[in-house]
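A.B. asks: Structure file final.txt (compact mmCIF, C-alpha atoms) right here:
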# COMPACT_ATOMS: atom_id res chain seq x y z
CA MET A 1 0.00 0.00 0.00
CA ARG A 2 1.35 3.41 -0.97
CA VAL A 3 2.07 5.61 2.04
CA SER A 4 0.79 9.18 1.77
CA GLU A 5 3.21 12.03 1.22
CA GLU A 6 2.17 13.66 4.48
CA ALA A 7 2.77 10.47 6.45
CA LEU A 8 6.25 10.14 4.97
CA ALA A 9 6.91 13.82 5.61
CA TYR A 10 6.01 13.75 9.29
CA GLU A 11 8.24 10.71 9.88
CA ILE A 12 11.15 12.73 8.45
CA PHE A 13 10.24 16.16 9.77
CA GLY A 14 9.80 15.05 13.38
CA PRO A 15 13.49 14.19 13.86
CA LEU A 16 14.53 17.22 11.81
CA TRP A 17 12.54 19.57 14.03
CA GLY A 18 14.17 17.85 16.99
CA LEU A 19 17.65 18.36 15.60
CA VAL A 20 17.01 22.08 15.13
CA HIS A 21 15.83 22.29 18.76
CA LEU A 22 18.96 20.47 19.93
CA GLY A 23 21.20 22.60 17.74
CA ALA A 24 19.68 25.73 19.22
CA ALA A 25 20.37 24.41 22.72
CA ALA A 26 23.97 23.56 21.78
CA SER A 27 24.50 27.05 20.33
CA MET A 28 23.21 29.06 23.26
CA PRO A 29 25.33 32.10 24.15
CA PRO A 30 26.28 32.77 27.79
CA GLY A 31 22.93 34.50 28.42
CA GLY A 32 21.31 31.12 28.91
CA PRO A 33 18.21 29.24 27.63
CA GLY A 34 15.79 32.02 28.52
CA GLU A 35 17.51 34.49 26.21
CA PHE A 36 18.21 32.54 23.03
CA ARG A 37 15.44 32.22 20.46
CA VAL A 38 15.09 29.02 18.43
CA ALA A 39 14.15 31.16 15.41
CA ASP A 40 17.54 32.88 15.50
CA PHE A 41 19.33 29.54 15.30
CA ALA A 42 17.04 28.26 12.52
CA ARG A 43 17.61 31.44 10.55
CA SER A 44 21.38 31.08 10.88
CA ARG A 45 21.14 27.55 9.47
CA GLY A 46 18.76 28.41 6.64
CA GLY A 47 21.17 27.27 3.93
CA GLU A 48 21.64 23.83 5.47
CA LEU A 49 17.90 23.46 6.04
CA ASP A 50 17.10 24.37 2.43
CA ARG A 51 19.67 21.85 1.19
CA ILE A 52 18.23 19.16 3.48
CA LEU A 53 14.67 19.83 2.28
CA GLY A 54 15.76 19.64 -1.35
CA LEU A 55 17.33 16.23 -0.76
CA VAL A 56 14.33 15.05 1.28
CA ALA A 57 12.03 15.98 -1.60
CA ARG A 58 14.08 13.80 -3.92
CA ILE A 59 14.32 10.87 -1.51
CA GLY A 60 10.62 10.78 -0.62
CA GLY A 61 9.13 12.19 -3.82
CA LEU A 62 7.59 15.00 -1.79
CA SER A 63 5.80 17.95 -3.34
CA PRO A 64 6.58 21.62 -2.51
CA ALA A 65 3.28 21.86 -0.65
CA VAL A 66 4.23 18.97 1.64
CA LEU A 67 7.71 20.39 2.17
CA ASP A 68 6.06 23.57 3.41
CA ILE A 69 4.77 21.58 6.39
CA PHE A 70 8.31 21.62 7.76
CA ARG A 71 8.63 25.37 7.43
CA ASN A 72 5.13 26.45 8.43
CA ARG A 73 4.53 24.14 11.39
CA ALA A 74 7.94 24.48 13.01
CA ILE A 75 7.76 26.01 16.48
CA TRP A 76 10.16 28.77 15.46
CA VAL A 77 7.62 29.87 12.82
CA SER A 78 4.36 29.33 14.68
CA ALA A 79 5.78 30.95 17.84
CA ALA A 80 8.70 33.08 16.71
CA ASP A 81 9.62 34.29 20.21
CA THR A 82 10.14 30.75 21.52
CA THR A 83 13.40 30.45 23.48
CA VAL A 84 15.40 27.34 24.32
CA ALA A 85 13.96 27.52 27.85
CA ASP A 86 10.45 27.23 26.35
CA ILE A 87 11.26 23.92 24.65
CA VAL A 88 12.86 22.16 27.61
CA GLY A 89 10.09 19.54 27.48
CA TYR A 90 10.82 18.81 23.83
CA LEU A 91 14.53 18.56 24.58
CA ALA A 92 13.82 16.01 27.30
CA ILE A 93 11.78 13.93 24.86
CA HIS A 94 14.36 14.24 22.08
CA SER A 95 17.08 12.94 24.43
CA GLY A 96 15.07 10.05 25.83
CA TYR A 97 14.91 11.67 29.30
CA ILE A 98 18.63 11.07 29.85
CA GLU A 99 18.37 13.72 32.62
CA ASP A 100 15.85 14.28 35.39
CA PHE A 101 12.95 16.43 34.28
CA PRO A 102 13.25 19.28 33.76
CA PRO A 103 16.91 19.13 32.75
CA ASP A 104 19.02 22.00 34.07
CA LEU A 105 20.23 23.45 30.77
CA ALA A 106 22.34 26.02 32.63
CA ASP A 107 24.61 23.17 33.75
CA PRO A 108 27.11 22.53 30.92
CA GLU A 109 27.38 18.81 31.70
CA VAL A 110 23.62 18.34 31.66
CA LEU A 111 23.27 20.35 28.47
CA GLY A 112 26.09 18.36 26.85
CA ARG A 113 24.43 15.04 27.63
CA VAL A 114 21.01 16.20 26.40
CA VAL A 115 22.47 17.41 23.10
CA ALA A 116 24.76 14.41 22.59
CA VAL A 117 22.17 11.73 23.34
CA GLY A 118 19.35 13.64 21.69
CA GLY A 119 21.40 14.08 18.54
CA ASP A 120 22.17 10.37 18.41
CA LEU A 121 18.53 9.39 18.85
CA GLN A 122 17.08 11.90 16.41
CA LEU A 123 19.68 11.20 13.72
CA ALA A 124 18.97 7.47 13.94
CA SER A 125 15.23 8.16 13.68
CA LEU A 126 15.87 10.44 10.71
CA LEU A 127 17.92 7.80 8.91
CA HIS A 128 15.20 5.22 9.53
CA ALA A 129 12.55 7.56 8.11
CA LEU A 130 14.67 8.41 5.06
CA VAL A 131 15.25 4.76 4.21
CA GLY A 132 11.55 4.11 4.73
CA ALA A 133 10.72 6.90 2.31
CA ALA A 134 13.27 5.72 -0.25
CA VAL A 135 11.97 2.16 -0.39
CA THR A 136 8.47 3.38 -1.24
CA GLN A 137 9.73 4.75 -4.55
CA ALA A 138 8.44 2.42 -7.26
CA ALA A 139 11.50 2.82 -9.49
CA GLU A 140 14.01 2.54 -6.64
CA LEU A 141 15.68 -0.85 -7.13
CA THR A 142 19.40 -0.39 -6.59
CA GLY A 143 19.86 1.85 -3.57
CA GLU A 144 20.61 4.83 -5.79
CA LEU A 145 19.19 7.27 -3.26
CA ALA A 146 21.74 6.22 -0.63
CA PRO A 147 24.20 9.09 -1.36
CA ALA A 148 21.40 11.61 -0.84
CA ILE A 149 20.46 9.93 2.45
CA VAL A 150 24.07 10.08 3.66
CA GLU A 151 24.23 13.77 2.76
CA VAL A 152 21.02 14.55 4.67
CA VAL A 153 22.40 12.77 7.75
CA ARG A 154 25.70 14.62 7.42
CA LEU A 155 24.00 18.02 7.16
CA ALA A 156 21.59 17.18 9.97
CA GLY A 157 24.54 16.18 12.13
CA VAL A 158 26.04 19.62 11.57
CA LEU A 159 22.77 21.11 12.80
CA ALA A 160 23.01 19.07 16.00
CA GLY A 161 26.42 20.47 16.94
CA PRO A 162 30.09 19.51 17.02
CA ASP A 163 29.49 16.20 18.81
CA HIS A 164 27.95 14.90 15.58
CA VAL A 165 30.48 15.89 12.94
CA THR A 166 30.95 12.19 12.08
CA ALA A 167 27.21 11.65 12.04
CA PRO A 168 26.82 9.31 9.02
CA SER A 169 29.09 6.56 10.34
CA GLN A 170 27.91 6.89 13.95
CA THR A 171 24.27 7.07 12.94
CA LEU A 172 24.52 4.05 10.66
CA ARG A 173 25.88 1.90 13.49
CA LEU A 174 23.16 3.01 15.90
CA TRP A 175 20.42 2.52 13.28
CA ARG A 176 21.60 -1.00 12.39
CA ALA A 177 21.73 -2.00 16.05
CA ALA A 178 18.58 -0.35 17.39
CA LEU A 179 16.03 0.16 14.61
CA LEU A 180 16.79 -1.97 11.56
CA PRO A 181 16.25 -5.37 13.27
CA GLY A 182 12.65 -4.38 14.00
CA VAL A 183 12.00 -4.27 10.26
CA LEU A 184 14.04 -7.31 9.22
CA ARG A 185 13.29 -9.92 11.87
CA PRO A 186 11.19 -12.88 10.61
CA ASP A 187 8.17 -12.01 12.73
CA SER A 188 8.10 -8.38 11.58
CA PRO A 189 4.81 -7.36 9.93
CA SER A 190 6.76 -5.49 7.22
CA PRO A 191 6.03 -6.81 3.70
CA ALA A 192 8.79 -8.83 2.04
CA GLU A 193 9.54 -6.08 -0.47
CA ILE A 194 10.00 -3.53 2.34
CA LYS A 195 12.35 -5.89 4.17
CA ALA A 196 14.31 -6.37 0.96
CA GLY A 197 14.50 -2.60 0.45
CA PHE A 198 15.72 -1.91 3.98
CA ARG A 199 18.28 -4.72 3.74
CA ARG A 200 19.54 -3.36 0.42
CA TYR A 201 19.94 0.11 1.86
CA ALA A 202 21.73 -1.24 4.93
CA HIS A 203 24.28 -2.83 2.61
CA VAL A 204 24.74 0.20 0.36
CA LEU A 205 24.84 2.68 3.23
CA GLY A 206 27.41 0.51 4.97
CA ARG A 207 29.76 1.07 2.06
CA LEU A 208 29.07 4.80 1.73
CA ALA A 209 29.06 5.86 5.37
CA ALA A 210 31.97 3.77 6.65
Any chance you could give the structure as structure tokens?

C.D. replies:
Amino acid sequence: MRVSEEALAYEIFGPLWGLVHLGAAASMPPGGPGEFRVADFARSRGGELDRILGLVARIGGLSPAVLDIFRNRAIWVSAADTTVADIVGYLAIHSGYIEDFPPDLADPEVLGRVVAVGGDLQLASLLHALVGAAVTQAAELTGELAPAIVEVVRLAGVLAGPDHVTAPSQTLRLWRAALLPGVLRPDSPSPAEIKAGFRRYAHVLGRLAA
């Protein structure tokens, strides 16, 4: 069954929104979380975000109207004055509650763990969503979208901060260990062609992202 464009988009955009939130937290100036607006960080990374969205459109076959969901429903657009302090709940979710809630973002060690773990989790989720989108493409038989997927993960890793400069190789390992088996195991409800597509991408990505 063909998955709708919007369903594919939200699977991809969720982790991307999270990575922008985490990047904003990682980039806070000394003034602290209550002073730094998420919109300012997103604006400073506009070139990377545009490049990511262009690649995502190609990978998932997404229309311009669906791509606009990312821009128009982002918290930094719908609530432009949102600061990092305002999204502390999102940051806790993005990082799998690695810290007690609410995390003390003024503590550099706490902030570092939230950004590092959150980046790992959201990049792995992003990779999973990108592969899922790629294997829905009817003409996609050889893993030819893998270079675009690697580039999205690389750019998204830059968004998440310096801890993720080697994002493609790190993310691939985490994805293969934590998420891919859920698709490929014999009792998975995934159709055989989806399993074959994910397995093919795991092989091709393993060569590209090593």

A.B. asks: Which polymer residues, whether protein, DNA or RNA, lie within 6 Å of the coordinate (19.2, 12.2, 8.4) when you count all atoms listed in the file? List them as a PyMOL selection string, using the chain letters and numbers from the file.

C.D. replies: chain A and resi 123+126-127+152-153+156

A.B. asks: Output C-alpha atoms for every residue in that selection, as an mmCIF file, keeping the file's coordinate frame.

C.D. replies:
data_model
loop_
_atom_site.group_PDB
_atom_site.id
_atom_site.type_symbol
_atom_site.label_atom_id
_atom_site.label_comp_id
_atom_site.auth_asym_id
_atom_site.auth_seq_id
_atom_site.Cartn_x
_atom_site.Cartn_y
_atom_site.Cartn_z
ATOM 1 C CA LEU A 123 19.680 11.200 13.720
ATOM 2 C CA LEU A 126 15.870 10.440 10.710
ATOM 3 C CA LEU A 127 17.920 7.800 8.910
ATOM 4 C CA VAL A 152 21.020 14.550 4.670
ATOM 5 C CA VAL A 153 22.400 12.770 7.750
ATOM 6 C CA ALA A 156 21.590 17.180 9.970
#

A.B. asks: Provide the atom CA of Ser95 of chain A to atom CA of Ala7 of chain A distance in Å, to one decimal place.

C.D. replies: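 Atom-to-atom, atom CA of Ser95 of chain A and atom CA of Ala7 of chain A are spaced 23.1 Å apart.
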
A.B. asks: Name the residues in contact with segment 17-20 of chain A at a cut-off of 9 Å, using only C-alpha atoms, excluding same-chain residues fewer than 4 positions from it; report them as a ChimeraX atom specification.

C.D. replies: /A:12-13,24-25,38,41-42,45,70,74-75,90-91,94,115,118-119,122-123,156-157,159-160

A.B. asks: In Å, rounded to a single decimal, give me how far atom CA of Ser125 of chain A is from atom CA of Gly34 of chain A.

C.D. replies: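 A separation of 28.1 Å between them.
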
A.B. asks: Once 8 Å is added on each side, what are the centre and the three edge lengths, in Å to one decimal, of the axis-aligned box enclosing the listed atoms of segment 29-35 of chain A? Present them as lines of an AutoDock Vina configuration file.

C.D. replies:
center_x = 21.0
center_y = 31.9
center_z = 26.5
size_x = 26.5
size_y = 21.3
size_z = 20.8

A.B. asks: My list of candidates is A:Ala178, A:Leu62, A:Met28, A:Ala79. Which is closest to Glu5 of chain A when distances are computed with all atoms listed in the file?

C.D. replies: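 That would be A:Leu62, the residue with the smallest distance to Glu5 of chain A.
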
A.B. asks: Counting all atoms listed in the file, note down every residue that has an atom within 10 Å of the point (21.3, 30.3, 23.8) (file coordinates), as a PDB file with C-alpha atoms, keeping the file's coordinate frame.

C.D. replies:
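Wrote it out as point_17.pdb, contents follow:
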ATOM      1  CA  GLY A  23      21.200  22.600  17.740  1.00  0.00           C
ATOM      2  CA  ALA A  24      19.680  25.730  19.220  1.00  0.00           C
ATOM      3  CA  ALA A  25      20.370  24.410  22.720  1.00  0.00           C
ATOM      4  CA  ALA A  26      23.970  23.560  21.780  1.00  0.00           C
ATOM      5  CA  SER A  27      24.500  27.050  20.330  1.00  0.00           C
ATOM      6  CA  MET A  28      23.210  29.060  23.260  1.00  0.00           C
ATOM      7  CA  PRO A  29      25.330  32.100  24.150  1.00  0.00           C
ATOM      8  CA  PRO A  30      26.280  32.770  27.790  1.00  0.00           C
ATOM      9  CA  GLY A  31      22.930  34.500  28.420  1.00  0.00           C
ATOM     10  CA  GLY A  32      21.310  31.120  28.910  1.00  0.00           C
ATOM     11  CA  PRO A  33      18.210  29.240  27.630  1.00  0.00           C
ATOM     12  CA  GLY A  34      15.790  32.020  28.520  1.00  0.00           C
ATOM     13  CA  GLU A  35      17.510  34.490  26.210  1.00  0.00           C
ATOM     14  CA  PHE A  36      18.210  32.540  23.030  1.00  0.00           C
ATOM     15  CA  ARG A  37      15.440  32.220  20.460  1.00  0.00           C
ATOM     16  CA  VAL A  38      15.090  29.020  18.430  1.00  0.00           C
ATOM     17  CA  ASP A  40      17.540  32.880  15.500  1.00  0.00           C
ATOM     18  CA  PHE A  41      19.330  29.540  15.300  1.00  0.00           C
ATOM     19  CA  THR A  83      13.400  30.450  23.480  1.00  0.00           C
ATOM     20  CA  VAL A  84      15.400  27.340  24.320  1.00  0.00           C
ATOM     21  CA  ALA A  85      13.960  27.520  27.850  1.00  0.00           C
ATOM     22  CA  LEU A 105      20.230  23.450  30.770  1.00  0.00           C
ATOM     23  CA  ALA A 106      22.340  26.020  32.630  1.00  0.00           C
TER      24      ALA A 106
END

A.B. asks: Using only C-alpha atoms, pick whichever of A:Leu22, A:Ser44, A:Gly143, A:Glu11 has the shortest atom-to-atom distance to His164 of chain A.

C.D. replies: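 The shortest atom-to-atom distance to His164 of chain A comes from A:Leu22.
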
A.B. asks: May I ask which of the residues A:Leu8, A:His21, A:Ile52, A:Gly89 is the closest one to Val66 of chain A, counting all atoms listed in the file?

C.D. replies: A:Leu8

A.B. asks: At what distance in Å, to one decimal, does atom CA of Pro186 of chain A lie from atom CA of Ser4 of chain A?

C.D. replies: 25.9 Å

A.B. asks: Measuring between all atoms listed in the file, which one of A:Val88, A:Leu16, A:Ile93, A:Ala39 shows the shortest distance to Ile69 of chain A?

C.D. replies: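 Once distances to Ile69 of chain A are computed over all atoms listed in the file, the minimum belongs to A:Leu16.
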
A.B. asks: Hey, what's within 12 Å of Arg207 of chain A if we count all atoms listed in the file and toss same-chain stuff fewer than 2 positions away? As a PyMOL selection string, please?

C.D. replies: chain A and resi 143+146-147+150+168-169+172+200-205+209-210

A.B. asks: Quick one: residues within 12 Å of Ala9 of chain A, all atoms listed in the file, excluding same-chain residues fewer than 5 positions away - as a list in words?

C.D. replies: Val3, Ser4, Gly14, Pro15, Leu16, Trp17, Leu53, Val56, Ala57, Arg58, Ile59, Gly60, Gly61, Leu62, Ser63, Pro64, Ala65, Val66, Leu67, Asp68, Ile69, Phe70, Arg71, Leu126, Ala129, Leu130, Gly132, Ala133 and Ala134 of chain A

A.B. asks: Taking into account only C-alpha atoms, which residue in the set A:Ala92, A:Val135, A:Val158, A:Ile87 is nearest to Ile194 of chain A?

C.D. replies: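 Looking at the shortest contact to Ile194 of chain A, the residue is A:Val135.
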